[in-house]
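Asker: File entry-v8.csv below, CSV, C-alpha atoms and all ligand atoms:
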chain,number,residue,atom,x,y,z
A,1,MET,CA,38.2,-28.7,6.1
A,2,SER,CA,36.0,-28.8,3.0
A,3,PRO,CA,32.7,-26.8,3.3
A,4,GLU,CA,29.3,-28.4,3.8
A,5,THR,CA,27.9,-29.2,0.4
A,6,ARG,CA,24.2,-29.6,-0.5
A,7,ASP,CA,22.2,-30.2,-3.7
A,8,VAL,CA,19.8,-27.4,-2.8
A,9,CYS,CA,20.1,-24.5,-0.4
A,10,ILE,CA,17.0,-22.4,0.3
A,11,VAL,CA,17.3,-19.0,1.8
A,12,GLY,CA,14.3,-18.3,4.1
A,13,ALA,CA,11.9,-20.5,6.1
A,14,GLY,CA,8.6,-18.7,5.5
A,15,PRO,CA,5.8,-20.5,3.7
A,16,ALA,CA,7.6,-20.2,0.3
A,17,GLY,CA,11.0,-21.6,1.5
A,18,LEU,CA,9.5,-24.4,3.6
A,19,THR,CA,7.2,-25.6,0.9
A,20,ALA,CA,10.0,-25.5,-1.7
A,21,GLY,CA,12.1,-27.6,0.8
A,22,ILE,CA,9.3,-30.2,1.2
A,23,PHE,CA,9.3,-30.8,-2.6
A,24,THR,CA,13.0,-30.8,-3.3
A,25,ALA,CA,13.7,-33.1,-0.3
A,26,ARG,CA,10.9,-35.5,-1.3
A,27,ALA,CA,12.5,-35.7,-4.7
A,28,GLY,CA,15.7,-36.9,-3.0
A,29,LEU,CA,17.7,-33.7,-3.3
A,30,ASP,CA,19.8,-33.1,-0.2
A,31,THR,CA,18.2,-29.8,0.9
A,32,LEU,CA,19.0,-27.3,3.6
A,33,VAL,CA,16.8,-24.3,4.5
A,34,LEU,CA,18.6,-21.5,6.2
A,35,ASP,CA,16.6,-18.9,8.1
A,36,GLY,CA,17.4,-15.6,9.7
A,37,GLY,CA,14.2,-15.7,11.9
A,38,ASP,CA,11.0,-13.7,12.2
A,39,PRO,CA,9.1,-14.9,9.2
A,40,ILE,CA,6.5,-12.3,8.5
A,41,LEU,CA,3.5,-14.6,9.0
A,42,GLU,CA,4.3,-14.7,12.7
A,43,ARG,CA,2.7,-11.2,12.8
A,44,ASN,CA,-0.7,-12.6,11.6
A,45,ALA,CA,-3.4,-12.6,14.3
A,46,HIS,CA,-5.5,-15.5,12.8
A,47,LEU,CA,-4.9,-17.1,9.4
A,48,GLU,CA,-8.3,-17.6,7.7
A,49,ASN,CA,-7.6,-18.0,4.0
A,50,VAL,CA,-5.4,-21.1,3.8
A,51,PRO,CA,-7.3,-24.1,2.4
A,52,GLY,CA,-7.9,-27.0,4.7
A,53,PHE,CA,-8.6,-25.1,7.9
A,54,PRO,CA,-12.3,-24.3,7.8
A,55,ALA,CA,-12.2,-22.0,10.9
A,56,GLY,CA,-8.7,-20.7,10.2
A,57,VAL,CA,-5.6,-21.6,12.1
A,58,ASN,CA,-3.1,-20.0,14.4
A,59,ALA,CA,-0.3,-18.7,12.0
A,60,ARG,CA,2.5,-19.7,14.3
A,61,ARG,CA,1.0,-23.2,14.5
A,62,PHE,CA,0.7,-23.3,10.7
A,63,LEU,CA,4.5,-22.4,10.4
A,64,GLU,CA,5.3,-25.1,13.0
A,65,LEU,CA,3.3,-27.7,11.1
A,66,THR,CA,5.0,-26.7,7.8
A,67,ARG,CA,8.4,-26.9,9.4
A,68,GLU,CA,7.7,-30.3,10.9
A,69,GLN,CA,6.4,-31.5,7.5
A,70,ALA,CA,9.6,-30.4,5.9
A,71,GLU,CA,11.7,-32.1,8.5
A,72,ARG,CA,9.7,-35.4,8.3
A,73,ASN,CA,10.5,-35.3,4.6
A,74,ASP,CA,14.3,-35.1,5.3
A,75,CYS,CA,14.6,-31.4,4.6
A,76,GLN,CA,17.0,-29.8,7.1
A,77,ILE,CA,16.2,-26.4,8.6
A,78,ARG,CA,18.8,-24.4,10.4
A,79,SER,CA,18.9,-20.9,11.9
A,80,GLY,CA,21.5,-18.6,10.2
A,81,THR,CA,21.7,-15.6,8.0
A,82,VAL,CA,23.1,-15.8,4.5
A,83,GLU,CA,25.4,-12.8,4.1
A,84,HIS,CA,27.0,-13.3,0.7
A,85,ILE,CA,26.7,-15.6,-2.3
A,86,GLN,CA,29.1,-16.0,-5.1
A,87,GLN,CA,29.2,-18.4,-8.1
A,88,ALA,CA,32.4,-20.5,-8.5
A,89,ALA,CA,33.8,-21.4,-11.9
A,90,SER,CA,32.2,-24.8,-11.5
A,91,GLY,CA,28.8,-23.1,-11.5
A,92,ARG,CA,28.2,-24.0,-7.9
A,93,PHE,CA,27.2,-21.4,-5.3
A,94,GLU,CA,29.5,-20.6,-2.4
A,95,MET,CA,27.5,-19.1,0.5
A,96,ASP,CA,28.9,-17.3,3.4
A,97,CYS,CA,26.5,-17.4,6.4
A,98,VAL,CA,26.5,-16.4,10.1
A,99,ASN,CA,25.0,-18.9,12.5
A,100,THR,CA,23.1,-18.2,15.7
A,101,GLU,CA,26.4,-18.2,17.7
A,102,GLY,CA,27.7,-15.5,15.5
A,103,GLU,CA,30.2,-17.8,13.8
A,104,ASP,CA,30.9,-17.7,10.1
A,105,GLU,CA,30.0,-20.8,8.0
A,106,ARG,CA,30.6,-21.6,4.4
A,107,LEU,CA,28.1,-23.7,2.4
A,108,VAL,CA,28.3,-24.9,-1.2
A,109,ALA,CA,25.2,-25.7,-3.2
A,110,ASP,CA,24.3,-26.7,-6.8
A,111,TYR,CA,21.0,-24.9,-6.6
A,112,VAL,CA,19.9,-21.9,-4.5
A,113,ILE,CA,16.3,-20.8,-4.1
A,114,CYS,CA,15.9,-17.3,-2.6
A,115,THR,CA,12.7,-16.9,-0.6
A,116,SER,CA,14.2,-14.3,1.7
A,117,TRP,CA,11.5,-11.6,1.9
A,118,ALA,CA,12.6,-8.8,2.2
A,119,ASP,CA,16.4,-9.2,1.9
A,120,THR,CA,18.3,-9.2,-1.4
A,121,GLY,CA,21.7,-7.8,-0.1
A,122,TYR,CA,23.4,-11.2,-0.1
A,123,LEU,CA,23.1,-11.3,-3.9
A,124,ASP,CA,25.2,-8.2,-4.5
A,125,GLY,CA,28.3,-10.3,-5.4
A,126,ILE,CA,26.6,-12.1,-8.3
A,127,GLU,CA,26.3,-10.5,-11.7
A,128,GLY,CA,23.2,-11.1,-13.8
A,129,VAL,CA,20.5,-11.1,-11.1
A,130,GLY,CA,17.9,-8.5,-12.1
A,131,MET,CA,16.1,-6.6,-9.3
A,132,THR,CA,13.1,-4.2,-9.3
A,133,THR,CA,12.6,-1.6,-6.6
A,134,ARG,CA,9.1,-0.3,-5.8
A,135,GLY,CA,9.0,2.2,-3.0
A,136,SER,CA,11.1,0.8,-0.1
A,137,LYS,CA,10.9,-2.8,-1.4
A,138,THR,CA,13.3,-4.6,-3.8
A,139,TYR,CA,12.2,-7.7,-5.6
A,140,ILE,CA,14.2,-10.4,-7.5
A,141,ASP,CA,13.3,-10.6,-11.2
A,142,VAL,CA,12.4,-14.1,-12.3
A,143,ASP,CA,11.0,-15.7,-15.4
A,144,GLU,CA,7.9,-17.8,-15.5
A,145,ARG,CA,9.9,-20.8,-14.1
A,146,GLY,CA,11.3,-18.9,-11.1
A,147,ARG,CA,14.7,-18.6,-12.7
A,148,THR,CA,16.8,-15.5,-12.2
A,149,GLY,CA,19.3,-14.4,-14.9
A,150,VAL,CA,21.9,-16.8,-13.3
A,151,GLU,CA,21.7,-20.5,-14.0
A,152,GLY,CA,21.0,-22.5,-10.9
A,153,LEU,CA,19.7,-19.5,-8.9
A,154,TYR,CA,15.9,-19.2,-8.4
A,155,ALA,CA,13.6,-17.0,-6.4
A,156,ALA,CA,10.1,-17.7,-5.0
A,157,GLY,CA,7.5,-16.2,-2.8
A,158,ARG,CA,7.1,-12.5,-1.9
A,159,ILE,CA,10.7,-11.7,-2.8
A,160,ALA,CA,9.8,-12.7,-6.3
A,161,GLU,CA,6.9,-10.2,-6.2
A,162,ARG,CA,4.2,-12.8,-5.8
A,163,HIS,CA,1.0,-11.8,-4.1
A,164,HIS,CA,1.4,-11.2,-0.3
A,165,GLN,CA,-0.7,-14.3,0.6
A,166,THR,CA,0.4,-17.4,2.4
A,167,VAL,CA,-1.2,-19.9,0.0
A,168,VAL,CA,0.2,-18.0,-3.1
A,169,VAL,CA,3.8,-17.9,-1.8
A,170,ALA,CA,3.6,-21.5,-0.6
A,171,GLY,CA,2.3,-22.6,-4.0
A,172,ASP,CA,5.1,-20.6,-5.7
A,173,GLY,CA,7.7,-22.3,-3.5
A,174,ALA,CA,6.3,-25.7,-4.7
A,175,ARG,CA,6.2,-24.6,-8.3
A,176,VAL,CA,9.8,-23.3,-8.3
A,177,ALA,CA,11.0,-26.4,-6.5
A,178,LEU,CA,9.5,-28.6,-9.2
A,179,GLU,CA,11.4,-26.5,-11.8
A,180,VAL,CA,14.7,-27.1,-9.8
A,181,ILE,CA,13.9,-30.8,-9.7
A,182,ASP,CA,13.2,-30.7,-13.5
A,183,ASP,CA,16.5,-28.9,-14.1
A,184,SER,CA,18.4,-31.4,-11.9
A,185,GLU,CA,19.4,-35.0,-12.8
A,186,VAL,CA,16.5,-36.4,-10.7
A,187,PRO,CA,14.1,-38.5,-12.8
A,188,PHE,CA,10.9,-37.0,-11.5
A,189,TYR,CA,7.3,-37.4,-12.4
A,190,HIS,CA,4.4,-36.3,-10.1
A,191,ASP,CA,4.9,-36.4,-6.4
A,192,TRP,CA,2.0,-38.8,-5.8
A,193,VAL,CA,1.0,-41.4,-3.3
A,194,ALA,CA,-1.5,-43.8,-4.9
A,195,PRO,CA,-3.3,-46.9,-3.7
A,196,GLU,CA,-1.8,-50.3,-4.4
A,197,GLY,CA,-2.5,-51.4,-8.0
A,198,TYR,CA,-3.2,-47.9,-9.3
A,199,PHE,CA,-0.4,-48.2,-11.9
A,200,THR,CA,0.7,-51.8,-11.6
A,201,ASP,CA,-2.7,-53.4,-12.1
A,202,ARG,CA,-2.8,-51.6,-15.4
A,203,GLY,CA,0.6,-53.2,-16.3
A,204,ARG,CA,2.4,-49.9,-15.8
A,205,GLU,CA,5.6,-49.3,-13.7
A,206,VAL,CA,5.2,-47.0,-10.8
A,207,PRO,CA,6.6,-43.8,-12.3
A,208,PRO,CA,9.6,-42.0,-10.7
A,209,GLY,CA,8.5,-39.8,-7.8
A,210,CYS,CA,5.3,-41.8,-7.3
A,211,GLU,CA,4.5,-44.5,-4.7
A,212,GLU,CA,1.9,-47.2,-4.4
A,213,ILE,CA,1.0,-48.1,-0.9
A,214,THR,CA,-1.0,-51.0,0.6
A,215,ASP,CA,-4.2,-50.5,2.5
A,216,GLU,CA,-2.4,-51.4,5.7
A,217,GLU,CA,0.2,-48.8,5.1
A,218,ARG,CA,-2.4,-46.2,4.2
A,219,LYS,CA,-4.2,-46.8,7.5
A,220,ARG,CA,-0.8,-46.6,9.4
A,221,ARG,CA,-0.1,-43.2,7.7
A,222,GLU,CA,-3.5,-41.9,8.4
A,223,GLN,CA,-3.2,-42.9,12.1
A,224,GLU,CA,0.3,-41.2,12.3
A,225,ALA,CA,-1.2,-38.1,10.7
A,226,ARG,CA,-4.1,-38.0,13.2
A,227,ASP,CA,-1.8,-38.4,16.1
A,228,ALA,CA,0.5,-35.6,14.9
A,229,MET,CA,-2.4,-33.2,14.4
A,230,GLN,CA,-4.1,-34.1,17.7
A,231,GLU,CA,-0.8,-33.4,19.5
A,232,HIS,CA,-0.4,-30.0,17.7
A,233,PHE,CA,-3.9,-28.9,18.4
A,234,ALA,CA,-4.3,-30.2,21.9
A,235,ASP,CA,-3.6,-26.8,23.4
A,236,PRO,CA,-3.7,-23.1,22.3
A,237,HIS,CA,-0.5,-21.9,20.8
A,238,PRO,CA,1.6,-20.2,23.6
A,239,GLU,CA,3.0,-17.4,21.5
A,240,GLU,CA,1.4,-14.0,20.7
A,241,PRO,CA,1.6,-12.5,17.2
A,242,THR,CA,4.7,-10.5,16.6
A,243,GLN,CA,4.0,-6.8,16.3
A,244,HIS,CA,5.2,-4.5,13.5
A,245,PRO,CA,8.7,-3.2,14.5
A,246,SER,CA,7.4,0.4,14.5
A,247,VAL,CA,4.6,-0.5,16.9
A,248,ARG,CA,7.1,-2.4,19.1
A,249,GLU,CA,9.2,0.7,19.4
A,250,GLU,CA,6.4,2.9,20.7
B,301,LIG,C1,0.2,-8.6,10.0
B,301,LIG,C2,0.2,-9.6,8.8
B,301,LIG,C3,-0.9,-10.4,8.6
B,301,LIG,C4,-0.9,-11.3,7.5
B,301,LIG,N1,-2.1,-12.0,7.4
B,301,LIG,C5,-2.2,-12.9,6.3
B,301,LIG,C6,-3.3,-13.6,6.2
B,301,LIG,O1,-4.3,-13.6,6.9
B,301,LIG,N2,-3.4,-14.5,5.1
B,301,LIG,C7,-2.4,-14.6,4.2
B,301,LIG,O2,-2.5,-15.3,3.2
B,301,LIG,N3,-1.2,-13.8,4.3
B,301,LIG,C8,-1.1,-13.0,5.4
B,301,LIG,N4,0.0,-12.2,5.5
B,301,LIG,C9,1.1,-12.3,4.5
B,301,LIG,C10,2.0,-13.5,4.6
B,301,LIG,O3,2.4,-13.6,5.9
B,301,LIG,C11,3.1,-13.4,3.6
B,301,LIG,O4,2.7,-13.1,2.3
B,301,LIG,C12,4.0,-14.6,3.6
B,301,LIG,O5,4.3,-15.0,4.9
B,301,LIG,C13,5.3,-14.4,2.7
B,301,LIG,O6,6.0,-15.6,2.8
B,301,LIG,P1,7.5,-15.7,2.2
B,301,LIG,O7,7.9,-17.1,2.5
B,301,LIG,O8,7.6,-15.2,0.9
B,301,LIG,O9,8.3,-14.7,3.2
B,301,LIG,P2,8.5,-14.8,4.8
B,301,LIG,O10,7.4,-15.5,5.4
B,301,LIG,O11,8.7,-13.4,5.2
B,301,LIG,O12,9.9,-15.6,5.0
B,301,LIG,C14,11.1,-15.1,4.6
B,301,LIG,C15,12.2,-15.6,5.5
B,301,LIG,O13,13.4,-15.3,4.9
B,301,LIG,C16,14.3,-15.1,6.0
B,301,LIG,N5,15.5,-14.4,5.5
B,301,LIG,C17,15.5,-13.1,4.9
B,301,LIG,N6,16.8,-12.8,4.6
B,301,LIG,C18,17.6,-13.9,4.9
B,301,LIG,C19,19.0,-14.2,4.8
B,301,LIG,N7,19.8,-13.3,4.3
B,301,LIG,N8,19.4,-15.3,5.3
B,301,LIG,C20,18.6,-16.3,5.8
B,301,LIG,N9,17.2,-16.0,5.9
B,301,LIG,C21,16.8,-14.9,5.5
B,301,LIG,C22,13.6,-14.3,7.0
B,301,LIG,O14,14.2,-14.4,8.3
B,301,LIG,C23,12.2,-15.0,6.9
B,301,LIG,O15,12.0,-16.0,7.9
B,301,LIG,C24,0.1,-11.4,6.6
B,301,LIG,C25,1.3,-10.6,6.8
B,301,LIG,C26,1.3,-9.7,7.9
B,301,LIG,C27,2.5,-8.8,8.1
Render the structure in this file as structure tokens.
Answerer:
Amino acid sequence: MSPETRDVCIVGAGPAGLTAGIFTARAGLDTLVLDGGDPILERNAHLENVPGFPAGVNARRFLELTREQAERNDCQIRSGTVEHIQQAASGRFEMDCVNTEGEDERLVADYVICTSWADTGYLDGIEGVGMTTRGSKTYIDVDERGRTGVEGLYAAGRIAERHHQTVVVAGDGARVALEVIDDSEVPFYHDWVAPEGYFTDRGREVPPGCEEITDEERKRREQEARDAMQEHFADPHPEEPTQHPSVREE
């Protein structure tokens, strides 16, 4: 049986990986996010510095909203741990993973975005990926576009030594995803939704990656968004923050 093949595989479903997935999937790239569980933001007690939430937001709720947003945009998210990645002669990446049932899986991807704070061990089999260790933490070296030393392999978020803040790593995920889109064959301009006539009433084509929507469609989308948010915020989130492992052991 031939292995599952994707345009983009993202390692890690924290804010960086999920945001990267929203962008690559919206650009039409077949995207899978694989996640080993316990994104570090689940430890937060109340998230107060993400724009758009004037009184803050429950961090577990924020992650759920971001996951749902990725899925609504056709980004697939699956639990599983990436154990090893190697690059085939074709340039594609072969990824060995273990799923939640403990079974081995192989995936093949044209592009990989590592957002796997704080794991880099699965990259040991690829030559040319620079790493920097500071104290007990190892970071993946990237250039200003999020590229590692290996073509097609990118890193974003805290694992790329970005500031340890949700909005910064989410923005970095978006930024690196846009670089992947730029490096791929997808004709991509801005990811914009504009009112009807914004481009066409000026005699311009709607650029690739943009959309013009009617007022009726705008109202439909706004209603859908309000319904989704009301459902998410109807009740307090049922889960407590996760404690630091060393506190849990005490
Ligand atoms: C107690 C606490 C409070 C915080 N409070 C705030 C705050 O108020 N405001 C703020 O802005 N930031 C806060 N932060 C920081 C914020 O949570 C992080 O900066 C941010 O979540 C990092 O996002 P990331 O996507 O880079 O990594 P993560 O969110 O850690 O996601 C990485 C994901 O990669 C997965 N992964 C790792 N290795 C593999 C592998 N081999 N295969 C598959 N998946 C893998 C992990 O399972 C994890 O889910 C807080 C952090 C902590 C610990």
Asker: Between A:Gly56, A:Gly146, A:Gly203, A:Pro208, which residue has the minimum interatomic distance to Arg175 (chain A), considering only C-alpha atoms?
Answerer: A:Gly146
Asker: What is the distance between CA of Ser90 (chain A) and CA of Ala109 (chain A), in Å to one decimal?
Answerer: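 Going from CA of Ser90 (chain A) over to CA of Ala109 (chain A) covers 10.9 Å.
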Asker: Could you check which of A:Glu64, A:Ala174, A:Gln243, A:Cys9 is closest to Cys97 (chain A), using only C-alpha atoms?
Answerer: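 For Cys97 (chain A), the nearest of the given residues is A:Cys9.
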Asker: Can I get the residues close to ligand LIG 301 (chain B) as an MDAnalysis selection string, where close means within 8 Å and we count all atoms listed in the file?
Answerer: chainID A and resid 11:18 34:50 79:83 97 115:122 156:160 162:170 173 243:244
Asker: Given the choices A:Ile10, A:Asp141, A:Asp104, A:Gly135, which gets closest to Ile77 (chain A) if the distance is worked out from only C-alpha atoms?
Answerer: A:Ile10
Asker: When distances are computed from only C-alpha atoms, which of A:Thr31, A:Asn99, A:Asn58, A:Thr132 shows the smallest separation from Ala70 (chain A)?
Answerer: A:Thr31
Asker: For region 226-230 of chain A, find every residue with an atom within 12 Å (counting all atoms listed in the file), except residues of its own chain fewer than 3 positions away, and show them as an NGL selection string.
Answerer: :A and (61-62 or 64-66 or 68-69 or 72 or 219-223 or 233-236)
Asker: Grab the CA of Phe199 (chain A) to CA of Cys75 (chain A) distance for me, in Å with one decimal place.
Answerer: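 That distance, rounded to one decimal, is 27.9 Å.
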Asker: With distances taken over only C-alpha atoms, which of A:Glu239, A:Asp191, A:Glu103, A:Glu161 is nearest to Arg26 (chain A)?
Answerer: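 Distance minimum relative to Arg26 (chain A) lands on A:Asp191.
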Asker: Once you count all atoms listed in the file, what closest atom pair and distance in Å to one decimal does each residue of region 172-237 of chain A within 12 Å of region 3-7 of chain A have, with rows by chain and rising residue number, as a tab-separated table?
Answerer:
residue	atom	partner	partner_atom	distance
A:Val180	CA	A:Asp7	CA	10.2
A:Ile181	CA	A:Asp7	CA	10.3
A:Asp183	CA	A:Asp7	CA	11.9
A:Ser184	CA	A:Asp7	CA	9.1
A:Glu185	CA	A:Asp7	CA	10.7
A:Val186	CA	A:Asp7	CA	11.0
Asker: Distance CA of Leu29 (chain A)-CA of Tyr189 (chain A), one decimal place?
Answerer: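 These two atoms are separated by 14.3 Å.
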